[in-house]
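Peer 1: final.cif (mmCIF, C-alpha atoms) pasted underneath:
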```cif
data_start
#
loop_
_atom_site.group_PDB
_atom_site.id
_atom_site.type_symbol
_atom_site.label_atom_id
_atom_site.label_comp_id
_atom_site.auth_asym_id
_atom_site.auth_seq_id
_atom_site.Cartn_x
_atom_site.Cartn_y
_atom_site.Cartn_z
ATOM 1 C CA MET O 24 -10.815 -55.935 -14.846
ATOM 2 C CA PRO O 25 -7.471 -57.298 -13.465
ATOM 3 C CA THR O 26 -5.185 -54.779 -11.781
ATOM 4 C CA ASN O 27 -2.445 -55.145 -14.414
ATOM 5 C CA ASP O 28 -4.909 -54.401 -17.222
ATOM 6 C CA ARG O 29 -6.191 -51.319 -15.397
ATOM 7 C CA GLN O 30 -2.645 -50.069 -14.870
ATOM 8 C CA LYS O 31 -1.798 -50.651 -18.515
ATOM 9 C CA ARG O 32 -4.884 -48.770 -19.688
ATOM 10 C CA ALA O 33 -4.178 -45.931 -17.269
ATOM 11 C CA ALA O 34 -0.615 -45.636 -18.588
ATOM 12 C CA GLN O 35 -1.877 -45.620 -22.181
ATOM 13 C CA THR O 36 -4.428 -42.938 -21.365
ATOM 14 C CA ARG O 37 -1.813 -40.807 -19.655
ATOM 15 C CA THR O 38 0.489 -41.152 -22.660
ATOM 16 C CA LYS O 39 -2.272 -40.131 -25.078
ATOM 17 C CA ILE O 40 -3.018 -37.059 -22.981
ATOM 18 C CA LEU O 41 0.648 -36.079 -22.846
ATOM 19 C CA ARG O 42 1.130 -36.437 -26.591
ATOM 20 C CA ALA O 43 -1.914 -34.283 -27.254
ATOM 21 C CA ALA O 44 -0.712 -31.770 -24.662
ATOM 22 C CA VAL O 45 2.730 -31.500 -26.250
ATOM 23 C CA ARG O 46 1.157 -30.634 -29.600
ATOM 24 C CA GLU O 47 -1.297 -28.136 -28.110
ATOM 25 C CA PHE O 48 1.235 -26.372 -25.868
ATOM 26 C CA SER O 49 3.884 -26.209 -28.587
ATOM 27 C CA SER O 50 1.353 -24.639 -30.957
ATOM 28 C CA HIS O 51 -0.318 -22.186 -28.560
ATOM 29 C CA GLY O 52 1.838 -21.832 -25.445
ATOM 30 C CA LEU O 53 0.721 -22.306 -21.873
ATOM 31 C CA SER O 54 -1.718 -19.403 -21.816
ATOM 32 C CA GLY O 55 -3.201 -20.030 -25.267
ATOM 33 C CA ALA O 56 -3.552 -23.796 -25.046
ATOM 34 C CA ARG O 57 -7.052 -25.151 -24.448
ATOM 35 C CA THR O 58 -7.623 -28.156 -22.223
ATOM 36 C CA ASP O 59 -10.786 -28.904 -24.225
ATOM 37 C CA ALA O 60 -8.630 -29.290 -27.341
ATOM 38 C CA ILE O 61 -6.196 -31.571 -25.514
ATOM 39 C CA ALA O 62 -8.974 -33.783 -24.201
ATOM 40 C CA GLY O 63 -10.591 -33.872 -27.637
ATOM 41 C CA GLU O 64 -7.410 -34.896 -29.425
ATOM 42 C CA ALA O 65 -6.623 -37.506 -26.787
ATOM 43 C CA ARG O 66 -10.252 -38.713 -26.987
ATOM 44 C CA VAL O 67 -10.733 -38.679 -23.250
ATOM 45 C CA ASN O 68 -13.076 -36.992 -20.821
ATOM 46 C CA LYS O 69 -11.696 -33.602 -19.782
ATOM 47 C CA ALA O 70 -11.982 -34.655 -16.126
ATOM 48 C CA LEU O 71 -9.210 -37.196 -16.729
ATOM 49 C CA LEU O 72 -6.757 -34.383 -17.443
ATOM 50 C CA TYR O 73 -7.239 -33.100 -13.914
ATOM 51 C CA TYR O 74 -7.283 -36.593 -12.469
ATOM 52 C CA TYR O 75 -3.804 -37.314 -13.815
ATOM 53 C CA PHE O 76 -2.266 -33.824 -13.721
ATOM 54 C CA LYS O 77 -4.306 -31.750 -11.193
ATOM 55 C CA ASN O 78 -4.297 -28.538 -13.253
ATOM 56 C CA LYS O 79 -3.217 -26.976 -16.526
ATOM 57 C CA LYS O 80 0.212 -25.962 -15.214
ATOM 58 C CA GLY O 81 0.808 -29.477 -13.963
ATOM 59 C CA LEU O 82 -0.103 -30.855 -17.382
ATOM 60 C CA TYR O 83 2.213 -28.362 -19.068
ATOM 61 C CA ALA O 84 5.128 -29.311 -16.797
ATOM 62 C CA ALA O 85 4.502 -32.992 -17.505
ATOM 63 C CA ALA O 86 4.374 -32.302 -21.254
ATOM 64 C CA VAL O 87 7.719 -30.484 -21.126
ATOM 65 C CA GLU O 88 9.238 -33.351 -19.162
ATOM 66 C CA GLU O 89 7.793 -35.894 -21.596
ATOM 67 C CA VAL O 90 9.201 -34.293 -24.733
ATOM 68 C CA SER O 91 12.563 -33.499 -23.136
ATOM 69 C CA GLY O 92 12.988 -37.140 -22.155
ATOM 70 C CA LYS O 93 13.404 -38.212 -25.781
ATOM 71 C CA VAL O 94 15.813 -35.354 -26.430
ATOM 72 C CA VAL O 95 17.961 -36.410 -23.485
ATOM 73 C CA GLY O 96 17.986 -40.018 -24.600
ATOM 74 C CA ASP O 97 19.003 -39.131 -28.146
ATOM 75 C CA ALA O 98 21.661 -36.662 -27.015
ATOM 76 C CA LEU O 99 23.292 -39.003 -24.512
ATOM 77 C CA ALA O 100 23.347 -41.837 -27.067
ATOM 78 C CA ALA O 101 26.197 -39.995 -28.795
ATOM 79 C CA PHE O 102 28.490 -40.662 -25.835
ATOM 80 C CA ASP O 103 28.792 -44.403 -26.377
ATOM 81 C CA LEU O 104 32.225 -45.385 -25.062
ATOM 82 C CA ARG O 105 32.795 -47.614 -28.077
ATOM 83 C CA PHE O 106 33.677 -44.387 -29.887
ATOM 84 C CA SER O 107 36.686 -42.186 -29.287
ATOM 85 C CA ALA O 108 36.182 -38.833 -27.552
ATOM 86 C CA GLY O 109 36.472 -37.004 -30.859
ATOM 87 C CA GLU O 110 33.927 -39.184 -32.579
ATOM 88 C CA ARG O 111 31.515 -38.712 -29.666
ATOM 89 C CA LEU O 112 31.709 -34.949 -30.162
ATOM 90 C CA LEU O 113 31.027 -35.251 -33.887
ATOM 91 C CA ARG O 114 28.052 -37.496 -33.225
ATOM 92 C CA SER O 115 26.720 -35.045 -30.661
ATOM 93 C CA ALA O 116 26.915 -32.222 -33.205
ATOM 94 C CA VAL O 117 24.970 -34.282 -35.745
ATOM 95 C CA ILE O 118 22.285 -35.181 -33.201
ATOM 96 C CA HIS O 119 21.881 -31.513 -32.291
ATOM 97 C CA PHE O 120 21.430 -30.526 -35.953
ATOM 98 C CA ASP O 121 18.871 -33.285 -36.407
ATOM 99 C CA ARG O 122 17.054 -32.245 -33.237
ATOM 100 C CA ILE O 123 16.505 -28.752 -34.573
ATOM 101 C CA LEU O 124 15.388 -30.200 -37.885
ATOM 102 C CA ALA O 125 13.052 -32.916 -36.670
ATOM 103 C CA GLN O 126 11.994 -32.322 -33.053
ATOM 104 C CA ARG O 127 10.174 -29.065 -33.522
ATOM 105 C CA GLU O 128 7.753 -29.446 -30.632
ATOM 106 C CA PHE O 129 10.660 -29.551 -28.195
ATOM 107 C CA GLN O 130 12.200 -26.514 -29.884
ATOM 108 C CA THR O 131 8.989 -24.546 -29.478
ATOM 109 C CA LEU O 132 8.521 -25.492 -25.831
ATOM 110 C CA LEU O 133 12.159 -24.682 -25.149
ATOM 111 C CA GLN O 134 11.801 -21.224 -26.665
ATOM 112 C CA GLN O 135 8.672 -20.581 -24.621
ATOM 113 C CA GLU O 136 10.530 -21.524 -21.460
ATOM 114 C CA MET O 137 13.461 -19.267 -22.333
ATOM 115 C CA VAL O 138 11.093 -16.325 -22.798
ATOM 116 C CA ARG O 139 9.364 -17.059 -19.477
ATOM 117 C CA LEU O 140 12.722 -17.350 -17.711
ATOM 118 C CA ARG O 141 13.942 -14.006 -19.063
ATOM 119 C CA SER O 142 10.707 -12.326 -18.008
ATOM 120 C CA GLY O 143 10.934 -13.764 -14.507
ATOM 121 C CA GLY O 144 7.828 -15.853 -14.989
ATOM 122 C CA GLY O 145 9.204 -19.067 -13.538
ATOM 123 C CA GLY O 146 8.038 -22.095 -15.458
ATOM 124 C CA SER O 147 9.788 -25.339 -16.324
ATOM 125 C CA ALA O 148 13.192 -23.954 -17.320
ATOM 126 C CA PRO O 149 14.917 -25.231 -14.140
ATOM 127 C CA LEU O 150 13.495 -28.699 -14.820
ATOM 128 C CA LEU O 151 14.668 -28.541 -18.435
ATOM 129 C CA PHE O 152 18.145 -27.574 -17.325
ATOM 130 C CA LYS O 153 18.296 -30.328 -14.725
ATOM 131 C CA THR O 154 16.926 -33.112 -16.921
ATOM 132 C CA ALA O 155 18.096 -32.116 -20.415
ATOM 133 C CA PHE O 156 21.023 -29.742 -20.431
ATOM 134 C CA LYS O 157 23.041 -30.377 -17.283
ATOM 135 C CA PRO O 158 23.701 -34.072 -18.066
ATOM 136 C CA LEU O 159 24.624 -33.180 -21.647
ATOM 137 C CA LEU O 160 26.998 -30.373 -20.625
ATOM 138 C CA GLU O 161 28.679 -32.652 -18.091
ATOM 139 C CA LYS O 162 29.219 -35.314 -20.755
ATOM 140 C CA LEU O 163 30.595 -32.766 -23.191
ATOM 141 C CA HIS O 164 33.011 -31.418 -20.578
ATOM 142 C CA GLU O 165 34.224 -34.919 -19.729
ATOM 143 C CA THR O 166 34.602 -35.809 -23.397
ATOM 144 C CA VAL O 167 36.640 -32.740 -24.328
ATOM 145 C CA ASP O 168 38.882 -33.313 -21.312
ATOM 146 C CA GLU O 169 39.383 -36.944 -22.325
ATOM 147 C CA GLY O 170 40.150 -36.029 -25.922
ATOM 148 C CA THR O 171 42.756 -33.435 -24.983
ATOM 149 C CA ARG O 172 44.281 -35.739 -22.362
ATOM 150 C CA THR O 173 44.751 -38.549 -24.895
ATOM 151 C CA GLY O 174 46.046 -36.172 -27.548
ATOM 152 C CA GLU O 175 43.220 -36.804 -30.019
ATOM 153 C CA LEU O 176 41.888 -33.262 -29.650
ATOM 154 C CA CYS O 177 43.689 -29.942 -29.596
ATOM 155 C CA GLU O 178 44.099 -28.156 -26.274
ATOM 156 C CA MET O 179 41.123 -25.806 -26.049
ATOM 157 C CA ASP O 180 38.448 -24.450 -23.751
ATOM 158 C CA TRP O 181 35.696 -27.052 -23.497
ATOM 159 C CA LEU O 182 32.871 -24.542 -23.436
ATOM 160 C CA GLN O 183 34.141 -22.918 -26.621
ATOM 161 C CA VAL O 184 33.981 -26.354 -28.229
ATOM 162 C CA VAL O 185 30.311 -26.573 -27.212
ATOM 163 C CA TYR O 186 29.594 -23.123 -28.654
ATOM 164 C CA SER O 187 31.335 -24.096 -31.881
ATOM 165 C CA MET O 188 29.460 -27.386 -32.189
ATOM 166 C CA PHE O 189 25.976 -26.197 -31.353
ATOM 167 C CA GLY O 190 26.190 -22.481 -32.071
ATOM 168 C CA ALA O 191 26.876 -23.070 -35.750
ATOM 169 C CA ASN O 192 23.728 -25.198 -36.037
ATOM 170 C CA VAL O 193 21.581 -22.628 -34.239
ATOM 171 C CA PHE O 194 22.940 -19.749 -36.312
ATOM 172 C CA TYR O 195 22.290 -21.574 -39.572
ATOM 173 C CA PHE O 196 18.601 -22.068 -38.833
ATOM 174 C CA LEU O 197 18.128 -18.603 -37.348
ATOM 175 C CA SER O 198 19.892 -16.797 -40.195
ATOM 176 C CA ALA O 199 18.407 -18.900 -43.004
ATOM 177 C CA PRO O 200 15.740 -16.333 -44.040
ATOM 178 C CA PHE O 201 18.436 -13.657 -44.447
ATOM 179 C CA THR O 202 20.683 -16.108 -46.281
ATOM 180 C CA GLN O 203 17.868 -16.762 -48.707
ATOM 181 C CA LEU O 204 17.521 -13.034 -49.390
ATOM 182 C CA ALA O 205 21.249 -12.471 -49.727
ATOM 183 C CA PHE O 206 22.215 -15.464 -51.862
ATOM 184 C CA SER O 207 18.987 -16.545 -53.559
ATOM 185 C CA ILE O 208 19.146 -20.056 -52.179
ATOM 186 C CA ARG O 209 16.500 -22.074 -50.398
ATOM 187 C CA PRO O 210 18.207 -22.961 -47.102
ATOM 188 C CA PHE O 211 15.438 -25.309 -45.937
ATOM 189 C CA ASP O 212 15.376 -27.486 -49.042
ATOM 190 C CA MET O 213 16.411 -30.993 -48.036
ATOM 191 C CA ASP O 214 19.448 -31.096 -50.320
ATOM 192 C CA VAL O 215 20.690 -27.757 -48.961
ATOM 193 C CA LEU O 216 20.124 -28.850 -45.358
ATOM 194 C CA LYS O 217 22.021 -32.063 -46.009
ATOM 195 C CA SER O 218 24.906 -30.123 -47.542
ATOM 196 C CA ARG O 219 25.086 -27.748 -44.563
ATOM 197 C CA ARG O 220 24.913 -30.631 -42.096
ATOM 198 C CA THR O 221 27.768 -32.350 -43.899
ATOM 199 C CA ALA O 222 29.875 -29.195 -44.040
ATOM 200 C CA ALA O 223 29.397 -28.529 -40.314
ATOM 201 C CA VAL O 224 30.657 -31.999 -39.352
ATOM 202 C CA GLN O 225 33.534 -31.883 -41.813
ATOM 203 C CA PHE O 226 34.619 -28.524 -40.403
ATOM 204 C CA LEU O 227 34.663 -29.873 -36.858
ATOM 205 C CA GLY O 228 36.630 -32.881 -38.058
ATOM 206 C CA LYS O 229 39.358 -30.579 -39.260
ATOM 207 C CA ALA O 230 39.165 -27.937 -36.532
ATOM 208 C CA LEU O 231 39.134 -29.965 -33.307
ATOM 209 C CA PHE O 232 41.637 -32.734 -33.975
ATOM 210 C CA THR O 233 45.410 -32.723 -33.623
ATOM 211 C CA ASP O 234 45.540 -35.061 -36.632
ATOM 212 C CA ARG O 235 43.289 -33.426 -39.208
ATOM 213 C CA ALA O 236 43.321 -36.456 -41.493
ATOM 214 C CA HIS O 237 42.075 -38.599 -38.599
ATOM 215 C CA GLY O 238 39.355 -36.047 -37.867
ATOM 216 C CA ALA O 239 38.292 -35.986 -41.511
ATOM 217 C CA ARG O 240 38.029 -39.772 -41.581
ATOM 218 C CA LEU O 241 35.908 -39.763 -38.427
ATOM 219 C CA ALA O 242 33.639 -37.075 -39.894
ATOM 220 C CA SER O 243 33.073 -39.207 -42.998
ATOM 221 C CA ARG O 244 32.342 -42.270 -40.886
ATOM 222 C CA VAL O 245 29.879 -40.436 -38.654
ATOM 223 C CA LEU O 246 28.004 -38.968 -41.616
ATOM 224 C CA ALA O 247 27.782 -42.382 -43.277
ATOM 225 C CA ASP O 248 26.553 -43.966 -40.056
ATOM 226 C CA MET O 249 24.006 -41.260 -39.208
ATOM 227 C CA PRO O 250 21.764 -40.439 -42.196
ATOM 228 C CA MET O 251 19.725 -37.264 -41.959
ATOM 229 C CA PRO O 252 16.160 -37.886 -40.752
ATOM 230 C CA ARG O 253 13.345 -37.632 -43.237
ATOM 231 C CA VAL O 254 11.033 -34.751 -42.386
ATOM 232 C CA LYS O 255 8.230 -32.886 -44.024
ATOM 233 C CA GLU O 256 9.012 -29.519 -45.551
ATOM 234 C CA PHE O 257 10.822 -27.407 -42.995
ATOM 235 C CA LYS O 258 9.202 -24.054 -42.295
ATOM 236 C CA VAL O 259 10.792 -20.978 -40.789
ATOM 237 C CA ARG O 260 10.332 -20.658 -37.035
ATOM 238 C CA ARG O 261 11.898 -18.419 -34.417
ATOM 239 C CA ASN O 262 12.766 -21.039 -31.853
ATOM 240 C CA PHE O 263 16.148 -22.698 -32.192
ATOM 241 C CA SER O 264 18.491 -23.466 -29.298
#
```
How does the structure come out when it is put into structure tokens?
Peer 2:
Amino acid sequence: MPTNDRQKRAAQTRTKILRAAVREFSSHGLSGARTDAIAGEARVNKALLYYYFKNKKGLYAAAVEEVSGKVVGDALAAFDLRFSAGERLLRSAVIHFDRILAQREFQTLLQQEMVRLRSGGGGSAPLLFKTAFKPLLEKLHETVDEGTRTGELCEMDWLQVVYSMFGANVFYFLSAPFTQLAFSIRPFDMDVLKSRRTAAVQFLGKALFTDRAHGARLASRVLADMPMPRVKEFKVRRNFS
């Protein structure tokens, strides 16, 4: 078999293993995941897992890196310089909402890493911060500074802007079971999720901008340009960040 064909097949095999590993680790955690199950789902010999990744921890770290790569790409896509600083922030808020809604495997792995970090268990949290969160926070800081410098955005602490953008999304998903009890609504129905997503962006359009009418127009444009992803029925989980 030609070298290029072998390399292509090796890359495909590695990708299949990683995809199976992401599903297994997100469902069962590092300690509960079974390498037999990963090999079975990937339809490869178990020995190949160790050939490509040396051990279970190495496979887990690679799985975290794999799933965070897509998150980083999606998040950074919001900062296209064709858009004004304010519009970039609105787009980033929408992408974050959609990430919680649709990229549940990443959410689960992230929560596992946060628990391990708090317990002093090491893990992949430093890698997640370096590859996923640090670049995003730097872009957000730069964007808020640009927006305030040009006068599009109000003068405000950039980190508080981040908390306002992302914290509202996190709180909605975390508090949804209590909201359902208190108000007899179904917060994870698609029409309710779409309404909350819309309201969050519209609020930011009015809260962050020196010209509220301009912010409202941008919010409408962003929502029209970024339809909510189609997902299967959303179920309550404990892992949103």
Peer 1: When you look at O:Asp180 with a cut-off of 10 Å (counting only C-alpha atoms), what residues show up, excluding the ones that are within fewer than 4 positions of it in the same chain? I need them as a PDB file with C-alpha atoms, in the frame of the given file.
Peer 2:
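Okay, this is what ended up in around.pdb:
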```
ATOM      1  CA  HIS O 164      33.011 -31.418 -20.578  1.00  0.00           C
ATOM      2  CA  VAL O 167      36.640 -32.740 -24.328  1.00  0.00           C
ATOM      3  CA  ASP O 168      38.882 -33.313 -21.312  1.00  0.00           C
ATOM      4  CA  VAL O 184      33.981 -26.354 -28.229  1.00  0.00           C
ATOM      5  CA  VAL O 185      30.311 -26.573 -27.212  1.00  0.00           C
TER       6      VAL O 185
END
```
Peer 1: With 8 Å of padding per side, what axis-aligned box (centre and edge lengths, Å, one decimal) covers all the listed atoms of stretch 51-70 of chain O? Give it as JSON.
Peer 2:
```
{"center_x": -5.6, "center_y": -29.1, "center_z": -22.8, "size_x": 30.9, "size_y": 35.3, "size_z": 29.3}
```
Peer 1: Please evaluate the PyMOL selection byres ((chain O and resi 37) around 12) against the structure above and give the resulting residues as number ranges by chain.
Peer 2: O: 30-36, 38-44, 61-62, 65-68, 71-76, 82, 85-86, 89
Peer 1: My list of candidates is O:Arg46, O:Arg139, O:Lys255, O:Arg114. Which is closest to O:Asp212 when distances are computed with only C-alpha atoms?
Peer 2: O:Lys255
Peer 1: At what distance in Å, to one decimal, does atom CA of O:Leu204 lie from atom CA of O:Pro252?
Peer 2: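 Between these atoms lies a distance of 26.3 Å.
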